[in-house]
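Structure first, then comments.
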Amino acid sequence: MRVAVVGLGGVGGYIAASLKNSSCEIVGFARGEHLSKIQESGIKIVEDKKEYKTDLEATTLDKAEGYFDIVLFCVKSYDLEESYKNISLHIDANSVLVSFSNGVANGDLLRRLSSSIVLDGCVYILSHILQAGVIRKKGDIFTAVFGGEDKAAVTKLSKLFEEASLRYKTPSDIKTALWKKYIFISAFATLTSYYDESIGAICKNHYDEAEELLKEIANVAFAKGVDIYDEVQKSLVTAEKVPYDSTTSMQIDFRNKKRDELETISGYIVKEALKENIEVPLMKKTYEELLKRHVS
């Protein structure tokens with residue numbers, strides 16, 4: 001079985017390196033200096049208490065070859081559609097597609113684009129590209145969450161993660177599961193980017209704002225038929241437990257003046273709140289300020 005991991009950043013790089021422990025053929029897709037380093041000397045994973053390097057077949061999407069049974073999209077949300085189009089010649093109706101990009105509507109996008117089997121998914125992890133060819137993973141947090149109506153596809157993906165000793169969950173209500181991940185990412189990516197402070201610093205210096213933003217997101221989710229009010233306090237507890245200096249990928253993108261996921265992470269809530277006639281004053285304020293710093 002051949003597995004494509006599209007995007008070898010903090011999420012995809014760690015997953016691809018871990019999947020090398022399976023019996024499947026793993027092919028990663030990346031670009032630039034990061035890709036060059038991986039092709040030259042493999043991908044290096046640096047964790048808190050260990051580090052290791054593994055060889056990984058990697059190339060650019062325009063040089064993809066052969067057929068893929070499973071495609072894991074680990075790109076930024078704004079690259080998902082283009083990434084799909086580039087690999088679409090190498091899949092068919094039996095291929096299983098999963099997006100681990102940030103957001104709650106990525107599966108819907110893939111279903112609009114593709115006749116392949118699409119599962120919904122998300123990943124809990126704190127990781128980023130430390131330097132070209134090197135992924136830094138902080139803490140012991142890792143869980144892949146995926147699910148959908150095609151149970152055979154869920155089983156196929158479960159077996160892959162199990163063989164690679166990667167933690168995973170397959171909840172019966174995947175929509176709620178996606179929102180449980182999204183509420184944390186949306187709130188803390190927004191605030192860490194807005195203040196350019198770590199997750200720990202947000203908890204210490206802006207706790208009330210974090211709580212308010214989480215409530216606003218929960219209100220939008222409820223209007224869309226998803227009850228995640230319990231996640232408000234759970235998210236605050238989680239934020240206080242992660243390493244104090246943990247950042248978010250959107251914060252790093254803003255800091256480095258790179259393209260960011262502002263629309264998926266913050267703008268989505270503002271726009272959906274407007275559709276549902278819900279007030280989200282703090283998200284609107286932070287979104288509009290970040291929009292001024294946004295690099296398109």
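Ligands are numbered from 1 in the order shown, residues from 1 within each chain, and chains are lettered A, B, ... in the order they appear in the structure tokens.
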Do a neighbour search on segment 82-97 of chain A at 12 Å with only C-alpha atoms, toss out local chain neighbours closer than 5 positions, and write the hits as a short mmCIF file (atom, residue, chain, number, x, y, z; two decimals) with N, CA and C atoms, in the first residue's frame.
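As written to disk, around_4.cif reads:
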data_model
loop_
_atom_site.label_atom_id
_atom_site.label_comp_id
_atom_site.auth_asym_id
_atom_site.auth_seq_id
_atom_site.Cartn_x
_atom_site.Cartn_y
_atom_site.Cartn_z
N MET A 1 0.85 -1.20 0.00
CA MET A 1 0.00 0.00 0.00
C MET A 1 0.88 1.24 0.00
N ARG A 2 0.52 2.22 -0.84
CA ARG A 2 1.31 3.45 -0.94
C ARG A 2 0.55 4.60 -0.27
N VAL A 3 1.28 5.35 0.52
CA VAL A 3 0.70 6.45 1.29
C VAL A 3 1.43 7.74 0.94
N ALA A 4 0.68 8.76 0.58
CA ALA A 4 1.24 10.08 0.32
C ALA A 4 1.00 10.99 1.52
N VAL A 5 2.05 11.65 1.97
CA VAL A 5 1.91 12.67 3.01
C VAL A 5 2.24 14.00 2.34
N VAL A 6 1.21 14.78 2.11
CA VAL A 6 1.36 16.04 1.37
C VAL A 6 1.60 17.17 2.37
N GLY A 7 2.82 17.68 2.37
CA GLY A 7 3.22 18.70 3.34
C GLY A 7 4.03 18.05 4.44
N GLY A 28 6.65 11.45 0.80
CA GLY A 28 6.34 12.79 1.29
C GLY A 28 6.46 13.83 0.18
N PHE A 29 5.72 14.90 0.32
CA PHE A 29 5.76 15.97 -0.66
C PHE A 29 6.00 17.30 0.04
N ALA A 30 7.00 18.01 -0.43
CA ALA A 30 7.36 19.30 0.17
C ALA A 30 7.99 20.15 -0.92
N THR A 60 8.50 16.91 -5.04
CA THR A 60 7.48 17.94 -5.21
C THR A 60 6.24 17.32 -5.83
N LEU A 61 5.10 17.94 -5.63
CA LEU A 61 3.85 17.38 -6.12
C LEU A 61 3.83 17.22 -7.64
N ASP A 62 4.49 18.11 -8.35
CA ASP A 62 4.48 18.02 -9.81
C ASP A 62 5.31 16.84 -10.32
N LYS A 63 6.06 16.21 -9.42
CA LYS A 63 6.86 15.04 -9.82
C LYS A 63 6.32 13.75 -9.22
N ALA A 64 5.09 13.79 -8.74
CA ALA A 64 4.47 12.59 -8.17
C ALA A 64 4.34 11.51 -9.23
N GLU A 65 4.52 10.27 -8.79
CA GLU A 65 4.41 9.13 -9.70
C GLU A 65 3.60 8.02 -9.06
N GLY A 66 2.92 7.25 -9.88
CA GLY A 66 2.21 6.07 -9.39
C GLY A 66 0.89 6.38 -8.72
N TYR A 67 0.34 5.36 -8.12
CA TYR A 67 -0.98 5.43 -7.49
C TYR A 67 -0.85 5.45 -5.97
N PHE A 68 -1.74 6.18 -5.32
CA PHE A 68 -1.72 6.24 -3.85
C PHE A 68 -3.04 5.71 -3.29
N ASP A 69 -2.92 4.78 -2.34
CA ASP A 69 -4.10 4.23 -1.67
C ASP A 69 -4.64 5.19 -0.63
N ILE A 70 -3.73 5.90 0.04
CA ILE A 70 -4.10 6.86 1.09
C ILE A 70 -3.35 8.16 0.87
N VAL A 71 -4.03 9.28 1.00
CA VAL A 71 -3.39 10.59 0.93
C VAL A 71 -3.73 11.37 2.18
N LEU A 72 -2.69 11.76 2.92
CA LEU A 72 -2.85 12.58 4.12
C LEU A 72 -2.41 14.00 3.79
N PHE A 73 -3.34 14.92 3.79
CA PHE A 73 -3.03 16.31 3.49
C PHE A 73 -2.64 17.02 4.79
N CYS A 74 -1.39 17.43 4.87
CA CYS A 74 -0.88 18.11 6.07
C CYS A 74 -0.36 19.51 5.71
N VAL A 75 -0.98 20.11 4.71
CA VAL A 75 -0.61 21.44 4.26
C VAL A 75 -1.42 22.48 5.02
N LYS A 76 -1.03 23.74 4.90
CA LYS A 76 -1.86 24.81 5.44
C LYS A 76 -3.19 24.82 4.69
N SER A 77 -4.24 25.25 5.36
CA SER A 77 -5.58 25.18 4.79
C SER A 77 -5.70 25.90 3.45
N ASN A 106 -12.58 21.31 5.97
CA ASN A 106 -11.68 20.79 4.94
C ASN A 106 -12.21 19.54 4.25
N GLY A 107 -12.85 18.66 5.02
CA GLY A 107 -13.45 17.47 4.43
C GLY A 107 -14.54 17.83 3.44
N ASP A 108 -15.32 18.84 3.77
CA ASP A 108 -16.37 19.30 2.86
C ASP A 108 -15.77 19.79 1.55
N LEU A 109 -14.64 20.50 1.64
CA LEU A 109 -13.98 20.97 0.43
C LEU A 109 -13.52 19.80 -0.43
N LEU A 110 -12.87 18.81 0.19
CA LEU A 110 -12.38 17.66 -0.57
C LEU A 110 -13.53 16.87 -1.19
N ARG A 111 -14.64 16.77 -0.49
CA ARG A 111 -15.80 16.06 -1.05
C ARG A 111 -16.38 16.79 -2.25
N ARG A 112 -16.28 18.10 -2.25
CA ARG A 112 -16.75 18.86 -3.42
C ARG A 112 -15.82 18.65 -4.61
N LEU A 113 -14.55 18.46 -4.33
CA LEU A 113 -13.55 18.36 -5.40
C LEU A 113 -13.38 16.95 -5.94
N SER A 114 -13.65 15.94 -5.10
CA SER A 114 -13.18 14.59 -5.41
C SER A 114 -14.27 13.53 -5.36
N SER A 115 -14.06 12.47 -6.13
CA SER A 115 -14.92 11.29 -6.07
C SER A 115 -14.30 10.20 -5.21
N SER A 116 -13.13 10.48 -4.62
CA SER A 116 -12.46 9.53 -3.73
C SER A 116 -13.20 9.45 -2.40
N ILE A 117 -12.79 8.50 -1.56
CA ILE A 117 -13.36 8.37 -0.22
C ILE A 117 -12.72 9.42 0.67
N VAL A 118 -13.52 10.28 1.26
CA VAL A 118 -12.99 11.38 2.09
C VAL A 118 -13.41 11.17 3.54
N LEU A 119 -12.42 11.12 4.42
CA LEU A 119 -12.67 11.11 5.86
C LEU A 119 -12.35 12.49 6.42
N ASP A 120 -12.99 12.84 7.52
CA ASP A 120 -12.66 14.07 8.22
C ASP A 120 -11.58 13.77 9.26
N GLY A 121 -10.72 14.75 9.52
CA GLY A 121 -9.66 14.49 10.48
C GLY A 121 -9.04 15.74 11.07
N PHE A 146 -9.82 10.85 13.35
CA PHE A 146 -10.43 10.79 12.02
C PHE A 146 -11.67 9.90 12.04
N GLY A 147 -12.53 10.10 11.06
CA GLY A 147 -13.76 9.33 11.00
C GLY A 147 -14.59 9.71 9.80
N GLY A 148 -15.69 9.01 9.62
CA GLY A 148 -16.57 9.25 8.49
C GLY A 148 -17.51 8.09 8.29
N ASP A 150 -17.65 5.91 5.77
CA ASP A 150 -17.05 4.72 5.19
C ASP A 150 -16.21 3.99 6.24
N LYS A 151 -16.79 3.01 6.88
CA LYS A 151 -16.11 2.32 8.00
C LYS A 151 -14.91 1.51 7.53
N ALA A 152 -14.95 1.00 6.31
CA ALA A 152 -13.80 0.26 5.78
C ALA A 152 -12.60 1.17 5.64
N ALA A 153 -12.84 2.40 5.22
CA ALA A 153 -11.76 3.38 5.08
C ALA A 153 -11.20 3.76 6.45
N VAL A 154 -12.09 3.91 7.43
CA VAL A 154 -11.65 4.21 8.80
C VAL A 154 -10.78 3.08 9.32
N THR A 155 -11.18 1.86 9.06
CA THR A 155 -10.40 0.69 9.50
C THR A 155 -9.04 0.65 8.82
N LYS A 156 -9.00 0.95 7.53
CA LYS A 156 -7.74 0.94 6.78
C LYS A 156 -6.76 1.96 7.36
N LEU A 157 -7.25 3.15 7.64
CA LEU A 157 -6.39 4.19 8.20
C LEU A 157 -5.98 3.85 9.63
N SER A 158 -6.90 3.26 10.39
CA SER A 158 -6.60 2.87 11.77
C SER A 158 -5.45 1.86 11.80
#
Could you go through segment 47-232 of chain A and tell me which residues DSSP, when run on the backbone, assigns to alpha helix (DSSP H), listing them as JSON, numbers by chain? {"A": [80, 81, 82, 83, 84, 85, 86, 87, 106, 107, 108, 109, 110, 111, 112, 113, 151, 152, 153, 154, 155, 156, 157, 158, 159, 160, 161, 162, 163, 174, 175, 176, 177, 178, 179, 180, 181, 182, 183, 184, 185, 186, 187, 188, 189, 190, 191, 192, 193, 194, 195, 199, 200, 201, 202, 203, 204, 205, 207, 208, 209, 210, 211, 212, 213, 214, 215, 216, 217, 218, 219, 220, 221, 222, 223, 230, 231, 232]}
If you count only C-alpha atoms, which residues fall within 10 Å of segment 236-241 of chain A, apart from same-chain ones fewer than 6 positions away, as number ranges by chain? A: 139, 184, 188, 199-204, 207, 210-211, 214
Restricted to C-alpha atoms, what would the selected residues look like written as a CSV table (one decimal), in the first residue's frame?
chain,number,residue,atom,x,y,z
A,139,GLY,CA,5.8,17.6,24.8
A,184,PHE,CA,-8.5,25.5,21.0
A,188,PHE,CA,-5.0,30.4,21.0
A,199,ILE,CA,0.4,30.0,24.9
A,200,GLY,CA,1.7,30.1,28.5
A,201,ALA,CA,2.0,33.9,28.4
A,202,ILE,CA,-1.6,34.2,27.1
A,203,CYS,CA,-2.8,32.1,30.0
A,204,LYS,CA,-0.8,34.2,32.5
A,207,TYR,CA,-6.7,34.6,30.7
A,210,ALA,CA,-8.9,33.6,26.3
A,211,GLU,CA,-12.0,32.4,28.2
A,214,LEU,CA,-13.5,30.4,23.7
Residues near Met250 of chain A, anyone? I mean within 10 Å using only C-alpha atoms, not counting same-chain ones fewer than 3 positions away, as a PyMOL selection string. chain A and resi 76+185-186+188-194+247+253-256+258-262+265
Residue selection dump (C-alpha atoms) as a PDB file, in the first residue's frame:
ATOM      1  CA  LYS A  76      -1.858  24.811   5.438  1.00  0.00           C
ATOM      2  CA  ILE A 185      -6.622  26.298  17.843  1.00  0.00           C
ATOM      3  CA  SER A 186      -8.913  29.163  16.879  1.00  0.00           C
ATOM      4  CA  PHE A 188      -5.046  30.411  21.009  1.00  0.00           C
ATOM      5  CA  ALA A 189      -3.744  30.896  17.468  1.00  0.00           C
ATOM      6  CA  THR A 190      -5.724  34.144  17.348  1.00  0.00           C
ATOM      7  CA  LEU A 191      -4.483  35.436  20.698  1.00  0.00           C
ATOM      8  CA  THR A 192      -0.850  34.302  20.348  1.00  0.00           C
ATOM      9  CA  SER A 193      -0.752  36.033  16.964  1.00  0.00           C
ATOM     10  CA  TYR A 194      -2.519  39.148  18.204  1.00  0.00           C
ATOM     11  CA  THR A 247       3.739  28.917  20.042  1.00  0.00           C
ATOM     12  CA  ASP A 253       3.737  32.947  10.282  1.00  0.00           C
ATOM     13  CA  PHE A 254       2.768  36.424  11.446  1.00  0.00           C
ATOM     14  CA  ARG A 255       6.112  36.877  13.175  1.00  0.00           C
ATOM     15  CA  ASN A 256       7.981  35.864  10.029  1.00  0.00           C
ATOM     16  CA  LYS A 258       4.620  34.728   5.873  1.00  0.00           C
ATOM     17  CA  ARG A 259       1.280  33.716   4.435  1.00  0.00           C
ATOM     18  CA  ASP A 260      -1.039  32.681   7.278  1.00  0.00           C
ATOM     19  CA  GLU A 261      -4.287  30.845   8.021  1.00  0.00           C
ATOM     20  CA  LEU A 262      -6.105  33.874   9.419  1.00  0.00           C
ATOM     21  CA  ILE A 265      -8.726  30.184  12.072  1.00  0.00           C
TER      22      ILE A 265
END
Residue with smallest distance to Asp208 of chain A - pool A:Gln251, A:Thr170, A:Gln233, A:Ser36, counting only C-alpha atoms: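 Distance minimum relative to Asp208 of chain A lands on A:Gln233.
Relative to atom CA of Ala187 of chain A, atom CA of Lys234 of chain A is found at 12.7 Å.
Ranking A:Trp179, A:Tyr195, A:Phe100, A:Tyr168 by their shortest atom-to-atom distance to Leu290 of chain A, with only C-alpha atoms included, puts A:Tyr195 first.
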For Lys53 of chain A, which of A:Ile125, A:Ala17, A:Ile217, A:Leu160 is the closest residue, counting only C-alpha atoms?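 Nearest candidate to Lys53 of chain A out of A:Ile125, A:Ala17, A:Ile217, A:Leu160: A:Ala17.
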Which one of A:Gly103, A:Lys20, A:Glu149, A:Glu209 sits closest to Glu263 of chain A if you count only C-alpha atoms?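 Between A:Gly103, A:Lys20, A:Glu149, A:Glu209, the residue approaching Glu263 of chain A most closely is A:Gly103.
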If we count only C-alpha atoms, what is near Gly225 of chain A at a cut-off of 12 Å, once residues fewer than 6 positions away on the same chain are taken out, given as JSON, numbers by chain? {"A": [175, 176, 179, 218, 219, 276]}
Could you take the residues named above and write them with N, CA and C atoms, as a PDB file, in the first residue's frame?
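Listed below is the output, selection.pdb:
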ATOM      1  N   LYS A 175     -17.782  15.278  13.555  1.00  0.00           N
ATOM      2  CA  LYS A 175     -18.013  16.724  13.444  1.00  0.00           C
ATOM      3  C   LYS A 175     -17.738  17.424  14.777  1.00  0.00           C
ATOM      4  N   THR A 176     -18.263  16.864  15.860  1.00  0.00           N
ATOM      5  CA  THR A 176     -18.014  17.427  17.179  1.00  0.00           C
ATOM      6  C   THR A 176     -16.538  17.333  17.534  1.00  0.00           C
ATOM      7  N   TRP A 179     -14.611  20.148  15.974  1.00  0.00           N
ATOM      8  CA  TRP A 179     -14.832  21.418  16.671  1.00  0.00           C
ATOM      9  C   TRP A 179     -14.102  21.460  18.005  1.00  0.00           C
ATOM     10  N   ALA A 218     -17.594  28.745  20.943  1.00  0.00           N
ATOM     11  CA  ALA A 218     -18.584  27.740  21.348  1.00  0.00           C
ATOM     12  C   ALA A 218     -19.995  28.178  20.963  1.00  0.00           C
ATOM     13  N   ASN A 219     -20.276  29.468  21.057  1.00  0.00           N
ATOM     14  CA  ASN A 219     -21.592  29.983  20.666  1.00  0.00           C
ATOM     15  C   ASN A 219     -21.849  29.770  19.174  1.00  0.00           C
ATOM     16  N   GLU A 276     -25.167  33.534  11.361  1.00  0.00           N
ATOM     17  CA  GLU A 276     -26.056  33.038  12.416  1.00  0.00           C
ATOM     18  C   GLU A 276     -26.598  34.156  13.303  1.00  0.00           C
TER      19      GLU A 276
END
Output as a list of chain:residue names all residues of segment 120-254 of chain A that backbone DSSP marks as strand (DSSP E). A:Asp120, A:Gly121, A:Cys122, A:Val123, A:Tyr124, A:Ile125, A:Leu126, A:Ser127, A:His128, A:Ile129, A:Leu130, A:Gln131, A:Val134, A:Ile135, A:Arg136, A:Lys137, A:Lys138, A:Gly139, A:Asp140, A:Ile141, A:Phe142, A:Thr143, A:Ala144, A:Val145, A:Phe146, A:Gly147, A:Tyr168, A:Lys169
Written file, previous selection with N, CA, C and O atoms, as an mmCIF file, in the first residue's frame:
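Result file is selection15.cif:
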data_model
loop_
_atom_site.group_PDB
_atom_site.id
_atom_site.type_symbol
_atom_site.label_atom_id
_atom_site.label_comp_id
_atom_site.auth_asym_id
_atom_site.auth_seq_id
_atom_site.Cartn_x
_atom_site.Cartn_y
_atom_site.Cartn_z
ATOM 1 N N ASP A 120 -12.993 12.836 7.522
ATOM 2 C CA ASP A 120 -12.656 14.074 8.222
ATOM 3 C C ASP A 120 -11.584 13.769 9.258
ATOM 4 O O ASP A 120 -11.543 12.668 9.817
ATOM 5 N N GLY A 121 -10.720 14.754 9.520
ATOM 6 C CA GLY A 121 -9.663 14.490 10.485
ATOM 7 C C GLY A 121 -9.040 15.737 11.067
ATOM 8 O O GLY A 121 -9.208 16.844 10.547
ATOM 9 N N CYS A 122 -8.313 15.540 12.149
ATOM 10 C CA CYS A 122 -7.519 16.593 12.765
ATOM 11 C C CYS A 122 -6.421 15.921 13.578
ATOM 12 O O CYS A 122 -6.480 14.717 13.836
ATOM 13 N N VAL A 123 -5.429 16.685 13.980
ATOM 14 C CA VAL A 123 -4.308 16.141 14.744
ATOM 15 C C VAL A 123 -4.017 17.051 15.926
ATOM 16 O O VAL A 123 -4.007 18.284 15.789
ATOM 17 N N TYR A 124 -3.775 16.440 17.078
ATOM 18 C CA TYR A 124 -3.306 17.174 18.254
ATOM 19 C C TYR A 124 -1.788 16.990 18.339
ATOM 20 O O TYR A 124 -1.301 15.876 18.536
ATOM 21 N N ILE A 125 -1.054 18.065 18.180
ATOM 22 C CA ILE A 125 0.405 18.004 18.218
ATOM 23 C C ILE A 125 0.946 19.417 18.389
ATOM 24 O O ILE A 125 0.319 20.390 17.942
ATOM 25 N N LEU A 126 2.102 19.547 19.028
ATOM 26 C CA LEU A 126 2.817 20.821 19.109
ATOM 27 C C LEU A 126 4.149 20.616 18.407
ATOM 28 O O LEU A 126 5.054 19.986 18.953
ATOM 29 N N SER A 127 4.248 21.088 17.185
ATOM 30 C CA SER A 127 5.459 20.863 16.408
ATOM 31 C C SER A 127 5.599 21.921 15.327
ATOM 32 O O SER A 127 4.622 22.550 14.921
ATOM 33 N N HIS A 128 6.825 22.097 14.863
ATOM 34 C CA HIS A 128 7.091 23.058 13.802
ATOM 35 C C HIS A 128 8.420 22.727 13.145
ATOM 36 O O HIS A 128 9.201 21.918 13.645
ATOM 37 N N ILE A 129 8.680 23.346 11.997
ATOM 38 C CA ILE A 129 9.976 23.190 11.339
ATOM 39 C C ILE A 129 10.991 24.027 12.102
ATOM 40 O O ILE A 129 10.879 25.252 12.161
ATOM 41 N N LEU A 130 11.976 23.369 12.702
ATOM 42 C CA LEU A 130 13.017 24.068 13.451
ATOM 43 C C LEU A 130 14.019 24.698 12.497
ATOM 44 O O LEU A 130 14.430 25.849 12.669
ATOM 45 N N GLN A 131 14.391 23.944 11.490
ATOM 46 C CA GLN A 131 15.235 24.417 10.392
ATOM 47 C C GLN A 131 15.029 23.436 9.256
ATOM 48 O O GLN A 131 14.377 22.409 9.424
ATOM 49 N N VAL A 134 14.452 19.580 9.625
ATOM 50 C CA VAL A 134 14.350 19.253 11.049
ATOM 51 C C VAL A 134 12.977 19.665 11.597
ATOM 52 O O VAL A 134 12.569 20.822 11.451
ATOM 53 N N ILE A 135 12.301 18.727 12.242
ATOM 54 C CA ILE A 135 11.008 18.980 12.879
ATOM 55 C C ILE A 135 11.192 18.963 14.390
ATOM 56 O O ILE A 135 11.742 18.011 14.949
ATOM 57 N N ARG A 136 10.729 20.001 15.057
ATOM 58 C CA ARG A 136 10.770 20.069 16.526
ATOM 59 C C ARG A 136 9.386 19.781 17.073
ATOM 60 O O ARG A 136 8.426 20.501 16.803
ATOM 61 N N LYS A 137 9.272 18.696 17.843
ATOM 62 C CA LYS A 137 8.012 18.334 18.483
ATOM 63 C C LYS A 137 8.150 18.561 19.986
ATOM 64 O O LYS A 137 9.068 18.046 20.615
ATOM 65 N N LYS A 138 7.232 19.337 20.556
ATOM 66 C CA LYS A 138 7.283 19.653 21.986
ATOM 67 C C LYS A 138 6.268 18.838 22.764
ATOM 68 O O LYS A 138 5.132 18.646 22.322
ATOM 69 N N GLY A 139 6.675 18.360 23.941
ATOM 70 C CA GLY A 139 5.775 17.611 24.797
ATOM 71 C C GLY A 139 5.451 16.242 24.235
ATOM 72 O O GLY A 139 5.979 15.825 23.206
ATOM 73 N N ASP A 140 4.546 15.527 24.918
ATOM 74 C CA ASP A 140 4.196 14.179 24.464
ATOM 75 C C ASP A 140 2.819 14.141 23.811
ATOM 76 O O ASP A 140 2.228 13.080 23.637
ATOM 77 N N ILE A 141 2.318 15.317 23.431
ATOM 78 C CA ILE A 141 0.995 15.385 22.812
ATOM 79 C C ILE A 141 1.052 14.884 21.374
ATOM 80 O O ILE A 141 1.820 15.392 20.559
ATOM 81 N N PHE A 142 0.305 13.853 21.074
ATOM 82 C CA PHE A 142 0.023 13.461 19.699
ATOM 83 C C PHE A 142 -1.184 12.543 19.679
ATOM 84 O O PHE A 142 -1.191 11.487 20.315
ATOM 85 N N THR A 143 -2.192 12.945 18.942
ATOM 86 C CA THR A 143 -3.332 12.085 18.649
ATOM 87 C C THR A 143 -3.902 12.491 17.302
ATOM 88 O O THR A 143 -4.202 13.669 17.079
ATOM 89 N N ALA A 144 -4.022 11.531 16.399
ATOM 90 C CA ALA A 144 -4.724 11.753 15.137
ATOM 91 C C ALA A 144 -6.171 11.344 15.339
ATOM 92 O O ALA A 144 -6.447 10.272 15.897
ATOM 93 N N VAL A 145 -7.083 12.202 14.927
ATOM 94 C CA VAL A 145 -8.511 11.938 15.078
ATOM 95 C C VAL A 145 -9.125 11.918 13.679
ATOM 96 O O VAL A 145 -8.927 12.852 12.904
ATOM 97 N N PHE A 146 -9.823 10.850 13.347
ATOM 98 C CA PHE A 146 -10.433 10.786 12.018
ATOM 99 C C PHE A 146 -11.667 9.905 12.045
ATOM 100 O O PHE A 146 -11.856 9.081 12.947
ATOM 101 N N GLY A 147 -12.533 10.099 11.058
ATOM 102 C CA GLY A 147 -13.758 9.326 10.996
ATOM 103 C C GLY A 147 -14.593 9.707 9.798
ATOM 104 O O GLY A 147 -14.256 10.624 9.048
ATOM 105 N N TYR A 168 -4.244 7.293 17.886
ATOM 106 C CA TYR A 168 -5.347 7.768 17.056
ATOM 107 C C TYR A 168 -6.674 7.491 17.754
ATOM 108 O O TYR A 168 -6.772 6.637 18.637
ATOM 109 N N LYS A 169 -7.697 8.240 17.336
ATOM 110 C CA LYS A 169 -9.059 8.020 17.816
ATOM 111 C C LYS A 169 -10.003 8.061 16.624
ATOM 112 O O LYS A 169 -9.770 8.813 15.665
#
